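Asker: File name start06.txt; file contents compact mmCIF, C-alpha atoms; full text below.
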```txt
# COMPACT_ATOMS: atom_id res chain seq x y z
CA MET A 1 51.38 154.67 153.26
CA TRP A 2 54.23 152.35 154.06
CA ILE A 3 51.81 149.44 153.94
CA PHE A 4 50.79 150.26 150.34
CA ALA A 5 54.43 150.69 149.33
CA GLY A 6 55.36 147.29 150.79
CA ALA A 7 52.42 145.63 149.06
CA GLY A 8 53.50 147.14 145.73
CA VAL A 9 57.01 145.81 146.14
CA VAL A 10 55.69 142.34 146.87
CA LEU A 11 53.39 142.41 143.84
CA LEU A 12 56.24 143.57 141.63
CA ALA A 13 58.47 140.75 142.85
CA VAL A 14 55.73 138.18 142.21
CA ALA A 15 55.20 139.54 138.69
CA VAL A 16 58.92 139.39 137.90
CA LEU A 17 59.11 135.81 139.20
CA GLY A 18 56.09 134.80 137.13
CA LEU A 19 57.50 136.32 133.98
CA SER A 20 60.82 134.58 134.51
CA ARG A 21 59.08 131.21 134.63
CA LEU A 22 57.09 131.74 131.44
CA LYS A 23 58.30 129.64 128.46
CA PRO A 24 59.24 131.45 125.28
CA ALA A 25 56.55 131.54 122.65
CA ALA A 26 56.65 128.69 120.09
CA PRO A 27 58.21 129.80 116.80
CA SER A 28 55.98 130.03 113.74
CA VAL A 29 56.66 127.89 110.65
CA GLU A 30 55.08 128.31 107.24
CA ARG A 31 52.92 125.27 106.55
CA SER A 32 53.92 125.33 102.89
CA THR A 33 57.59 124.81 103.80
CA ILE A 34 57.14 121.54 105.65
CA TRP A 35 56.81 118.00 104.35
CA PRO A 36 54.39 115.96 106.51
CA ASP A 37 53.55 112.26 106.29
CA THR A 38 51.18 109.95 108.14
CA VAL A 39 52.29 106.79 109.92
CA LYS A 40 50.85 103.69 108.25
CA ARG A 41 50.71 99.99 108.95
CA GLY A 42 51.06 97.34 106.28
CA PRO A 43 53.64 95.86 103.90
CA MET A 44 56.87 97.76 103.28
CA VAL A 45 59.42 97.02 100.58
CA ARG A 46 63.00 97.78 101.54
CA GLN A 47 64.88 99.23 98.59
CA VAL A 48 68.17 100.90 97.80
CA ARG A 49 68.59 103.42 95.02
CA GLY A 50 71.40 103.91 92.59
CA SER A 51 70.95 107.44 91.33
CA THR A 52 74.10 107.21 89.24
CA GLY A 53 74.36 104.47 86.65
CA THR A 54 74.86 103.71 82.97
CA LEU A 55 73.84 101.12 80.44
CA VAL A 56 76.85 99.06 79.42
CA PRO A 57 77.25 96.15 76.99
CA ARG A 58 77.17 92.62 78.31
CA GLU A 59 80.62 91.06 78.34
CA ASP A 60 79.63 88.40 75.80
CA LYS A 61 78.11 91.03 73.48
CA LEU A 62 81.08 93.41 73.41
CA ARG A 63 84.13 93.17 71.19
CA LEU A 64 87.23 95.25 71.72
CA ILE A 65 89.44 94.98 68.65
CA PRO A 66 93.15 95.20 69.55
CA ALA A 67 96.09 95.86 67.26
CA GLU A 68 97.98 92.58 66.81
CA THR A 69 101.16 94.25 65.59
CA GLU A 70 102.77 97.63 65.39
CA ALA A 71 101.17 99.46 62.47
CA THR A 72 100.00 102.76 60.99
CA VAL A 73 96.37 103.65 60.25
CA THR A 74 96.03 104.23 56.50
CA ARG A 75 92.24 104.24 55.94
CA ILE A 76 89.08 104.51 58.03
CA LEU A 77 86.07 103.02 56.27
CA VAL A 78 83.36 103.13 58.98
CA LEU A 79 82.56 105.81 61.57
CA PRO A 80 81.07 105.35 65.08
CA GLY A 81 77.32 104.82 65.10
CA ALA A 82 77.29 102.71 61.95
CA GLN A 83 75.75 99.24 61.84
CA VAL A 84 78.37 96.60 61.08
CA GLN A 85 78.48 92.90 60.24
CA PRO A 86 81.22 90.42 61.24
CA GLU A 87 83.02 90.81 57.90
CA THR A 88 82.72 94.63 57.73
CA VAL A 89 86.16 96.23 57.32
CA ILE A 90 86.38 99.14 59.76
CA MET A 91 89.88 100.37 59.01
CA GLU A 92 93.06 99.40 57.19
CA LEU A 93 96.57 99.39 58.65
CA ALA A 94 100.02 99.20 57.11
CA ASN A 95 103.19 97.46 58.31
CA PRO A 96 105.87 96.94 55.60
CA GLN A 97 108.08 94.92 57.95
CA LEU A 98 105.21 92.51 58.62
CA GLU A 99 104.67 92.10 54.88
CA GLN A 100 108.32 91.02 54.51
CA GLU A 101 108.16 88.73 57.53
CA SER A 102 105.01 87.12 56.15
CA MET A 103 106.72 86.44 52.82
CA ASN A 104 109.80 85.02 54.57
CA ALA A 105 107.62 82.77 56.72
CA GLY A 106 105.89 81.38 53.63
CA LEU A 107 109.23 80.62 51.96
CA ALA A 108 110.58 79.04 55.17
CA LEU A 109 107.54 76.74 55.27
CA LYS A 110 108.12 75.62 51.69
CA ALA A 111 111.80 74.99 52.46
CA ALA A 112 110.94 72.92 55.53
CA GLU A 113 108.40 70.87 53.57
CA SER A 114 110.97 70.26 50.80
CA GLU A 115 113.58 69.18 53.32
CA TYR A 116 111.04 66.79 54.86
CA HIS A 117 110.28 65.19 51.50
CA ASN A 118 114.00 64.92 50.61
CA THR A 119 114.76 63.26 53.93
CA GLN A 120 111.81 60.93 53.49
CA VAL A 121 112.96 59.87 49.99
CA LYS A 122 116.57 59.30 51.16
CA LEU A 123 115.50 57.28 54.19
CA GLU A 124 113.08 55.19 52.14
CA SER A 125 115.85 54.53 49.58
CA ASP A 126 118.26 53.44 52.32
CA LEU A 127 115.57 51.26 53.81
CA MET A 128 114.89 49.59 50.45
CA THR A 129 118.60 48.87 50.09
CA GLN A 130 118.64 47.40 53.57
CA LYS A 131 115.60 45.28 52.78
CA ALA A 132 117.25 43.98 49.60
CA GLY A 133 120.37 42.97 51.56
CA ALA A 134 118.23 41.30 54.20
CA ALA A 135 116.29 39.44 51.51
CA THR A 136 119.56 38.11 49.99
CA VAL A 137 120.77 36.93 53.38
CA GLY A 138 117.38 35.35 54.03
CA SER A 139 117.53 33.47 50.72
CA ASP A 140 121.07 32.23 51.43
CA PHE A 141 119.92 31.19 54.91
CA SER A 142 117.03 29.16 53.54
CA GLN A 143 119.26 27.45 50.94
CA ALA A 144 121.97 26.67 53.51
CA LYS A 145 119.39 25.30 55.96
CA LEU A 146 117.95 23.05 53.26
CA GLN A 147 121.46 21.89 52.22
CA ALA A 148 122.33 21.10 55.84
CA GLN A 149 119.18 19.01 56.18
CA THR A 150 119.99 17.15 52.95
CA ASP A 151 123.62 16.50 53.99
CA LYS A 152 122.47 15.21 57.35
CA ALA A 153 120.24 12.64 55.65
CA LEU A 154 123.08 11.60 53.31
CA PHE A 155 125.49 11.43 56.25
CA ASP A 156 123.08 9.18 58.12
CA LEU A 157 123.01 6.87 55.06
CA GLY A 158 126.82 6.94 54.86
CA VAL A 159 126.81 8.52 51.42
CA ILE A 160 128.90 11.56 52.40
CA SER A 161 131.61 12.07 54.91
CA GLY A 162 131.16 13.72 58.26
CA LEU A 163 133.45 16.56 57.16
CA THR A 164 131.13 17.49 54.32
CA TYR A 165 128.08 17.38 56.62
CA LYS A 166 129.91 19.45 59.23
CA ALA A 167 130.74 22.15 56.67
CA SER A 168 127.15 22.51 55.48
CA SER A 169 125.90 22.55 59.07
CA ASN A 170 128.34 25.31 60.04
CA LYS A 171 127.33 27.38 57.04
CA ALA A 172 123.63 27.04 58.00
CA ASP A 173 124.40 28.18 61.56
CA GLU A 174 126.39 31.18 60.25
CA LEU A 175 123.58 32.28 57.95
CA THR A 176 121.07 31.82 60.78
CA THR A 177 123.00 34.38 62.83
CA ARG A 178 123.41 36.71 59.86
CA ASN A 179 119.69 36.48 59.07
CA GLN A 180 118.80 37.45 62.66
CA ILE A 181 121.25 40.37 62.58
CA GLU A 182 119.82 41.63 59.27
CA ALA A 183 116.30 41.43 60.66
CA GLU A 184 117.34 43.46 63.72
CA ARG A 185 119.16 46.01 61.53
CA LEU A 186 116.05 46.36 59.38
CA THR A 187 113.89 46.98 62.47
CA MET A 188 116.41 49.49 63.82
CA ASN A 189 116.58 51.36 60.50
CA GLU A 190 112.78 51.59 60.39
CA LYS A 191 112.82 53.16 63.87
CA VAL A 192 115.58 55.55 62.85
CA MET A 193 113.55 56.53 59.81
CA VAL A 194 110.50 57.30 61.93
CA SER A 195 112.63 59.33 64.37
CA GLN A 196 114.33 61.40 61.68
CA LEU A 197 111.04 62.08 59.92
CA ALA A 198 109.52 63.16 63.24
CA VAL A 199 112.34 65.70 63.65
CA GLN A 200 111.75 67.03 60.15
CA GLN A 201 107.99 67.11 60.78
CA THR A 202 108.59 69.23 63.90
CA LEU A 203 110.53 71.72 61.79
CA VAL A 204 107.69 71.76 59.26
CA ASP A 205 105.08 72.30 61.99
CA GLN A 206 107.17 75.09 63.48
CA ALA A 207 107.49 76.81 60.11
CA ARG A 208 103.77 76.32 59.43
CA ALA A 209 102.80 77.81 62.80
CA LEU A 210 105.02 80.84 62.21
CA ASN A 211 103.59 81.24 58.72
CA GLN A 212 100.02 81.04 60.05
CA LEU A 213 100.83 83.64 62.69
CA LYS A 214 102.29 86.02 60.14
CA GLN A 215 99.39 85.45 57.76
CA GLN A 216 96.95 86.09 60.60
CA GLN A 217 98.78 89.27 61.59
CA ARG A 218 98.82 90.34 57.96
CA ALA A 219 95.07 89.69 57.62
CA ALA A 220 94.50 91.66 60.84
CA LEU A 221 95.77 94.77 59.05
CA HIS A 222 92.27 94.79 57.56
CA VAL A 223 90.39 95.40 60.81
CA THR A 224 86.96 93.73 60.74
CA ALA A 225 84.06 94.06 63.19
CA GLY A 226 83.93 90.36 64.07
CA ILE A 227 80.31 90.53 65.30
CA SER A 228 77.05 92.09 64.18
CA GLY A 229 76.32 95.30 66.06
CA VAL A 230 77.13 99.00 66.21
CA LEU A 231 80.55 100.59 66.08
CA VAL A 232 80.62 102.78 69.20
CA ASP A 233 84.24 103.83 69.51
CA LEU A 234 87.03 104.53 67.03
CA PRO A 235 89.79 106.35 68.94
CA HIS A 236 92.40 106.64 66.18
CA GLN A 237 92.90 108.81 63.10
CA VAL A 238 94.48 108.23 59.69
CA GLY A 239 98.26 108.44 59.94
CA GLU A 240 98.33 107.55 63.63
CA HIS A 241 100.85 104.94 64.77
CA VAL A 242 99.51 102.18 67.04
CA ALA A 243 101.37 99.72 69.25
CA PRO A 244 100.49 96.03 69.73
CA GLY A 245 97.56 95.60 72.09
CA THR A 246 96.16 99.08 71.47
CA THR A 247 92.36 99.10 71.19
CA LEU A 248 91.45 100.02 67.64
CA ALA A 249 87.65 99.92 67.87
CA LYS A 250 84.75 98.82 70.04
CA VAL A 251 81.69 97.04 68.65
CA VAL A 252 78.63 96.25 70.75
CA GLN A 253 75.23 94.70 70.23
CA PRO A 254 72.94 97.55 71.39
CA ASP A 255 70.03 95.27 72.23
CA GLN A 256 72.16 93.26 74.66
CA LEU A 257 72.89 95.68 77.51
CA LYS A 258 73.03 95.62 81.30
CA ALA A 259 72.82 98.38 83.90
CA SER A 260 75.81 99.29 86.03
CA LEU A 261 74.65 101.13 89.18
CA LYS A 262 76.69 102.99 91.78
CA ILE A 263 75.30 102.23 95.25
CA ALA A 264 76.51 104.01 98.40
CA GLU A 265 78.66 101.61 100.41
CA THR A 266 76.49 102.13 103.50
CA GLN A 267 73.44 100.87 101.59
CA ALA A 268 75.08 98.05 99.64
CA ARG A 269 75.66 95.62 102.50
CA ASP A 270 72.28 93.87 102.09
CA ILE A 271 72.40 93.53 98.29
CA GLN A 272 72.55 89.93 97.05
CA ILE A 273 72.77 88.21 93.69
CA GLY A 274 69.35 87.58 92.14
CA GLN A 275 67.42 90.33 93.93
CA PRO A 276 64.81 92.07 91.73
CA ALA A 277 65.53 95.56 90.42
CA ALA A 278 63.95 98.26 88.28
CA ILE A 279 66.01 100.42 85.92
CA ASP A 280 64.70 103.86 84.93
CA THR A 281 66.07 104.96 81.54
CA HIS A 282 64.06 108.23 81.68
CA ASN A 283 62.11 106.81 78.76
CA GLY A 284 60.70 103.75 80.49
CA VAL A 285 61.39 101.38 83.38
CA ILE A 286 62.97 97.98 82.70
CA PRO A 287 62.74 95.10 85.18
CA GLY A 288 65.94 93.30 86.04
CA ARG A 289 67.83 91.31 88.67
CA VAL A 290 71.18 91.73 90.37
CA GLN A 291 73.84 89.88 88.39
CA ARG A 292 77.14 90.94 89.98
CA ILE A 293 78.36 92.91 93.00
CA ASP A 294 81.81 94.45 92.83
CA PRO A 295 83.80 93.37 95.90
CA ALA A 296 85.75 96.64 95.93
CA VAL A 297 84.60 100.07 97.07
CA GLN A 298 85.54 103.05 94.92
CA ASN A 299 84.88 106.66 95.94
CA GLY A 300 82.42 105.50 98.59
CA THR A 301 80.27 103.47 96.19
CA VAL A 302 79.89 99.83 95.17
CA THR A 303 79.24 98.92 91.53
CA VAL A 304 76.27 96.60 91.06
CA ASP A 305 75.50 95.08 87.66
CA VAL A 306 71.83 94.44 86.88
CA GLU A 307 70.74 92.03 84.16
CA LEU A 308 67.89 93.54 82.15
CA ILE A 309 64.93 91.17 81.72
CA GLY A 310 62.41 93.27 79.82
CA PRO A 311 62.76 94.78 76.33
CA LEU A 312 64.79 97.96 76.00
CA PRO A 313 62.86 101.18 75.35
CA GLN A 314 63.50 103.26 72.27
CA GLY A 315 66.67 105.28 72.56
CA ALA A 316 68.46 102.88 74.92
CA ARG A 317 72.13 102.73 74.01
CA PRO A 318 75.51 102.11 75.67
CA ASP A 319 76.64 104.77 78.18
CA LEU A 320 73.07 106.08 78.61
CA SER A 321 72.61 107.52 82.12
CA VAL A 322 70.06 105.58 84.17
CA GLU A 323 68.79 105.26 87.71
CA GLY A 324 67.76 102.09 89.48
CA THR A 325 66.22 100.63 92.61
CA ILE A 326 66.93 97.20 94.07
CA ASP A 327 64.38 95.36 96.24
CA LEU A 328 66.17 94.07 99.33
CA GLU A 329 63.29 92.69 101.38
CA ARG A 330 59.48 92.60 101.52
CA MET A 331 58.28 93.22 105.09
CA THR A 332 54.69 92.46 106.07
CA ASP A 333 52.53 94.18 108.72
CA VAL A 334 54.98 96.81 109.93
CA LEU A 335 54.51 100.37 111.17
CA TYR A 336 56.24 102.77 108.79
CA VAL A 337 56.40 106.36 107.67
CA GLY A 338 58.15 108.33 104.97
CA ARG A 339 61.90 108.57 105.37
CA PRO A 340 62.93 111.83 107.14
CA ALA A 341 65.36 114.19 105.50
CA LEU A 342 67.77 113.72 108.41
CA GLY A 343 68.40 110.51 110.33
CA ASN A 344 69.69 106.99 109.75
CA GLU A 345 68.06 103.60 110.17
CA ASN A 346 68.29 101.71 113.45
CA SER A 347 68.51 104.91 115.51
CA THR A 348 66.38 107.29 117.58
CA LEU A 349 65.21 110.39 115.73
CA SER A 350 63.70 113.62 117.02
CA LEU A 351 60.63 114.47 114.94
CA PHE A 352 57.82 117.01 115.20
CA LYS A 353 54.43 115.32 115.55
CA LEU A 354 51.45 117.40 114.45
CA ASP A 355 48.71 118.19 116.95
CA PRO A 356 45.25 116.73 116.21
CA ASP A 357 44.02 120.16 115.09
CA GLY A 358 47.04 120.59 112.81
CA LYS A 359 47.85 124.06 114.17
CA GLY A 360 51.05 123.07 115.90
CA ALA A 361 53.58 120.30 116.39
CA THR A 362 55.52 118.89 119.33
CA ARG A 363 58.96 117.34 119.22
CA VAL A 364 58.92 113.60 120.12
CA PRO A 365 61.62 110.92 120.14
CA VAL A 366 61.01 108.17 117.59
CA LYS A 367 62.91 104.89 117.48
CA VAL A 368 63.24 103.64 113.90
CA GLY A 369 64.43 100.35 112.42
CA ARG A 370 65.18 99.29 108.87
CA ALA A 371 64.89 101.85 106.10
CA SER A 372 64.07 101.90 102.43
CA VAL A 373 64.49 104.53 99.74
CA ASN A 374 61.32 106.45 100.66
CA SER A 375 60.15 104.90 103.95
CA ILE A 376 61.45 103.79 107.33
CA GLN A 377 60.17 101.35 109.95
CA VAL A 378 58.77 102.83 113.16
CA ILE A 379 59.50 100.83 116.31
CA GLU A 380 58.57 103.21 119.16
CA GLY A 381 57.27 106.76 119.66
CA LEU A 382 54.49 106.88 117.06
CA LYS A 383 51.30 105.03 116.30
CA GLU A 384 49.27 104.44 113.18
CA GLY A 385 47.57 107.64 112.04
CA ASP A 386 50.08 110.05 113.60
CA THR A 387 51.40 112.76 111.31
CA VAL A 388 55.02 113.87 111.53
CA ILE A 389 57.17 116.39 109.72
CA LEU A 390 59.86 114.72 107.57
CA SER A 391 61.55 117.81 106.14
CA ASP A 392 64.75 119.29 107.56
CA MET A 393 63.84 121.02 110.85
CA SER A 394 67.39 121.64 112.08
CA ARG A 395 66.65 125.39 112.04
CA TRP A 396 64.33 124.84 115.01
CA GLU A 397 66.41 122.23 116.82
CA SER A 398 66.16 124.16 120.12
CA ALA A 399 62.37 124.39 120.00
CA GLU A 400 60.15 121.78 121.60
CA ARG A 401 57.04 123.09 119.86
CA ILE A 402 56.25 125.02 116.71
CA ARG A 403 53.18 126.81 115.41
CA LEU A 404 52.06 126.23 111.84
CA GLU A 405 50.86 129.27 109.94
```
Translate the structure described by the file into structure tokens.
Answerer:
Amino acid sequence: MWIFAGAGVVLLAVAVLGLSRLKPAAPSVERSTIWPDTVKRGPMVRQVRGSTGTLVPREDKLRLIPAETEATVTRILVLPGAQVQPETVIMELANPQLEQESMNAGLALKAAESEYHNTQVKLESDLMTQKAGAATVGSDFSQAKLQAQTDKALFDLGVISGLTYKASSNKADELTTRNQIEAERLTMNEKVMVSQLAVQQTLVDQARALNQLKQQQRAALHVTAGISGVLVDLPHQVGEHVAPGTTLAKVVQPDQLKASLKIAETQARDIQIGQPAAIDTHNGVIPGRVQRIDPAVQNGTVTVDVELIGPLPQGARPDLSVEGTIDLERMTDVLYVGRPALGNENSTLSLFKLDPDGKGATRVPVKVGRASVNSIQVIEGLKEGDTVILSDMSRWESAERIRLE
């Protein structure tokens, strides 16, 4: 009796120990809830995606029309969305003070031009008087020089006295000096004339420049488009007062657009100028290439401008929401798989690899390398043909195996 009781106790202890060492049953997962993919070998294109972007006008095809002076909007002749030509008047402004200043500038220009002409006439008259005096002195000088030569010949013949010859010689020397002085005075007066006219010309140019500015500001009260395109923005209403520099309207050429993509800063480090891109307008995909990369980071993203190479699809317009992908690199003969829902590139991930019969999956460590939008390079842990689960499996992070139902 005691022998049977002891044997029962031993068997019970063995059973308890065996049960304690049993692993918990693998949890069941609905097959329809997972996202599997098969490991492949071949070329892989590394890409980054900009899921947030817009079509914007190219800088050389956009015109922002600023207010040149303080003014009031009196008429609006064209509304946003209308086709415009360079001479199309979009709105009219009013500035009574500018009208008066423009008139005063015109009168000031006429006064400056009149003063220039008066000064020119006076200086030319003075110069003519100076030239007449110089001509008289020159004539006297020539006559005295000739008389001195004649008296010298007569003196040498003994016809006249030395006193007479000396007098004519002295007079010739005096007129020689006077003739030189008159010539220098004439040259000096010509220089003075040029200098004074230059001063008057500066005043005329100053008045003309001010008049042109006022006329330009006055003409700008009739706000024109300046380029052929579409009026896309008109932020002011009739009666509104605008300050100088205020944007009155925006005109763009709708067939000359570029894409501005927002790329996560963690994915933007490998983007370079000239890389190919594809822009999805939701009504067609346009090829392009990277044109500019913003050096600053804003709200965790980097702005990348893409030049559009292909024709725009119907309905493409400024501020249209778009998405885009940029090709970073084309890798050849690599092992890759779809990008898991969780996990970063150049790290070791924990993925469930499906059994050959597809009824279960076992957790395996997988070392991954460079990643793209939809795929990631496999370095270790998987081989070509293996199937892994890419969907979020964090709910079963404590399980080493799962059963697929």
Asker: Would you kindly return, as a list in words, each protein, DNA or RNA residue with an atom no farther than 7 Å from any atom of Gln275 of chain A, considering only C-alpha atoms and excluding same-chain residues fewer than 2 positions away?
Answerer: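 Contacts, in chain order: Gln272, Ile273, Ala277, Arg289, Val290, Ile326, Asp327 and Leu328 of chain A.
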Asker: Give me, as a list of chain:residue names, all polymer residues having an atom no more than 8 Å from Ala243 of chain A, counting all atoms listed in the file and skipping those fewer than 2 positions away in the same chain.
Answerer: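 The residues that qualify are A:Ala67, A:Thr69, A:Glu70, A:Ala71, A:His241, A:Gly245, A:Thr246.
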Asker: Keeping C-alpha atoms for every residue in the selection just given, could you write it to a file as an mmCIF file, keeping the file's coordinate frame?
Answerer:
```
data_model
loop_
_atom_site.group_PDB
_atom_site.id
_atom_site.type_symbol
_atom_site.label_atom_id
_atom_site.label_comp_id
_atom_site.auth_asym_id
_atom_site.auth_seq_id
_atom_site.Cartn_x
_atom_site.Cartn_y
_atom_site.Cartn_z
ATOM 1 C CA ALA A 67 96.090 95.860 67.260
ATOM 2 C CA THR A 69 101.160 94.250 65.590
ATOM 3 C CA GLU A 70 102.770 97.630 65.390
ATOM 4 C CA ALA A 71 101.170 99.460 62.470
ATOM 5 C CA HIS A 241 100.850 104.940 64.770
ATOM 6 C CA GLY A 245 97.560 95.600 72.090
ATOM 7 C CA THR A 246 96.160 99.080 71.470
#
```
Asker: Between A:Ala371, A:Met393, A:Ala225, A:Ala361, which residue has the minimum interatomic distance to Glu87 of chain A, considering all atoms listed in the file?
Answerer: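 Of A:Ala371, A:Met393, A:Ala225, A:Ala361, the one nearest Glu87 of chain A, counting all atoms listed in the file, is A:Ala225.
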Asker: I'd like the contact shell of Thr247 of chain A - 10 Å cut-off, all atoms listed in the file, skipping same-chain residues fewer than 2 positions apart - returned as a list of chain:residue names.
Answerer: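 My reading of the contact set: A:Leu64, A:Ile65, A:Pro66, A:Ala67, A:Glu68, A:Asp233, A:Leu234, A:Pro235, A:His236, A:Val242, A:Ala243, A:Pro244, A:Gly245, A:Ala249, A:Lys250.
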Asker: Between segment 171-263 of chain A and segment 310-320 of chain A, at 9 Å or less, what are the per-residue closest atom pairs and their distances in Å? Count all atoms listed in the file, order by chain and rising residue number, and return it as JSON lines.
Answerer:
```
{"residue": "A:Val232", "atom": "CA", "partner": "A:Pro318", "partner_atom": "CA", "distance": 8.3}
{"residue": "A:Val252", "atom": "CA", "partner": "A:Pro318", "partner_atom": "CA", "distance": 8.3}
{"residue": "A:Pro254", "atom": "CA", "partner": "A:Arg317", "partner_atom": "CA", "distance": 5.9}
{"residue": "A:Asp255", "atom": "CA", "partner": "A:Leu312", "partner_atom": "CA", "distance": 7.0}
{"residue": "A:Gln256", "atom": "CA", "partner": "A:Leu312", "partner_atom": "CA", "distance": 8.8}
{"residue": "A:Leu257", "atom": "CA", "partner": "A:Pro318", "partner_atom": "CA", "distance": 7.2}
{"residue": "A:Lys258", "atom": "CA", "partner": "A:Pro318", "partner_atom": "CA", "distance": 8.9}
```
Asker: How many Å lie between atom CA of Ala207 of chain A and atom CA of Ala108 of chain A, rounded to one decimal?
Answerer: 6.2 Å
Asker: Counting all atoms listed in the file, which residue out of A:Arg208, A:Lys152, A:Arg292, A:Lys171 sits closest to Glu113 of chain A?
Answerer: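 The shortest atom-to-atom distance to Glu113 of chain A comes from A:Arg208.
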Asker: For each of A:Glu101, A:Asp355, A:Asp386, A:Asp37, take the minimum atom-to-atom distance to Arg218 of chain A, counting only C-alpha atoms, then give the residue where this is smallest.
Answerer: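 Closest residue, counting only C-alpha atoms: A:Glu101.
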